[in-house]
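Accompanying notes for the structure given below.
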Amino acid sequence: MEARSRLLVVFLALCVVSVVAAAENVTVGQLSSYHGGGATYNAKSYGAKGDGANDDTKVLMAAWKVACGAAGTVTLMIPPGTYYIGPTQFHGPARPPPSPPGKQSWTDRAATDLKRFGNDWIEFGWVKGLTVAGQNGIIDGQGSASWPFNKCPIRKDCKVLPTSVLFVNNQNTVVRDLTSVNSKFFHIALLQSNNIKMLNLRINAPGNSPNTDGIHIERSIGVVIADTSISTGDDCISIGQGNDNIDIARVHCGPGHGMSVGSLGRYVGEGDVTRIHVKDMTFEGTMNGVRIKTWENSPTKSFAAHMVFENMDITFKNIKGTSSLPVAVMLRCGAPCQGVVLQDVDLKYKGQGGTSSKCENTKAKYVGYQYPKPCAMRLARSRGCTGAGGVGLAVVVVPFVADL
């Protein structure tokens with residue numbers, strides 16, 4: 001049998017895609033009142049089998065297109081079943097905004113064959129007023145079969161693997177109550193989107209999975225990420241170029257590389273990054289806390305400004321291994337900070353001699369065994385890192401452990 005790339009969608013309860021009139025800002029709590037009045041389109045009426053064997057990609061996209069183009073209150077209903085589909089695009093422009101609301105239990109499971117995939121797996125684009133929500137909904141990228149083919153950690157000219165879910169050119173979007181596991185590349189990417197809220201998400205991948213950023217944001221305005229837990233093999237949240245007014249609150253990060261702004265300044269014509277506000281974020285078992293990363297010798301000027309990071313708690317727990325540098329533990333803050341915890345740390349130097357630790361503007365709490373010995377806080381002037389065009393960037397929290 002010819003191997004084909006397929007997506008497995010398991011609906012344990014009724015899954016609906018609702019389309020509501022653009023004249024009103026609809027919340028999840030209000031959606032139930034809309035379901036009873038408008039037209040309903042059943043995906044099986046368009047040929048969807050939901051039997052776990054037939055490819056339902058085209059018929060589901062056709063049903064979406066009909067519902068998306070209808071006027072008034074419309075529901076696209078996908079009955080319980082097992083749906084095999086390939087890479088899928090849910091595109092507008094819609095006359096009213098499509099809105100797949102929660103409470104449903106289902107699993108999307110990606111194929112492991114990369115031949116049919118482009119840069120993303122599930123794509124929502126060019127839609128106004130979209131709500132994607134699903135209690136107990138799981139998006140399973142099945143990335144473990146694809147990670148060995150990812151050469152991006154060692155080659156700049158690598159082939160990028162598909163992102164699990166891409167939101168592109170959307171306005172007034174809500175994404176809530178979803179779980180994404182084991183993405184092939186990024187879990188979720190936001191591109192050129194305005195006014196998007198991401199609430200109560202659960203994102204998980206092993207700590208050694210390459211480039212599995214939790215949420216990547218680029219060229220977007222007005223993004224809110226809140227009450228979310230992210231465990232990945234890369235950045236929990238990465239903020240790329242051209243972003244403005246990003247608000248992140250109550251996000252748990254770890255394992256992973258921490259949170260980063262950048263890397264910035266690599267390409268010609270990058271947009272500025274402004275008004276970034278991050279608060280009440282916790283880091284546990286991450287390589288870093290918060291970083292602002294820039295490329296030196298950038299081809300054009302861009303600015304990174306008006307960034308605030310507050311109430312950050314960072315925990316390093318059960319860290320064992322070797323370090324390529326004598327300084328195995330370095331805790332550095334741009335301004336005096338607290339809330340850093342190191343528990344049971346044992347790091348040996350690969351070369352001759354022992355390891356040491358350094359602290360700069362950081363007051364840490366130590367629990368359990370500590371090697372190297374804990375360091376005392378040393379006050380220093382806040383130092384910026386100079387990026388493209390001499391723009392000073394304050395590195396607020398950058399604890400790291402080298403080469404675990």
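A note on labels: chains of the structure tokens are A, B, ... as shown, every chain counts residues from 1, and ligands are counted from 1 in their shown order.
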
Quick one: residues within 10 Å of Gly289 (chain A), only C-alpha atoms counted, chain neighbours fewer than 2 positions away excluded, as number ranges by chain? A: 235, 253-254, 256-260, 281-287, 291, 312-315, 331-333, 340, 396-400

Could you pull out the strand (DSSP E or B) residues of region 81-254 of chain A from DSSP and send them as a count of residues only? 92

Mind giving me the straight-line distance from CA of Leu199 (chain A) to CA of Ile215 (chain A) in Å, one decimal?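 It comes out at 12.1 Å.
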
By how many Å are CA of Gly271 (chain A) and CA of His306 (chain A) apart? 14.6 Å
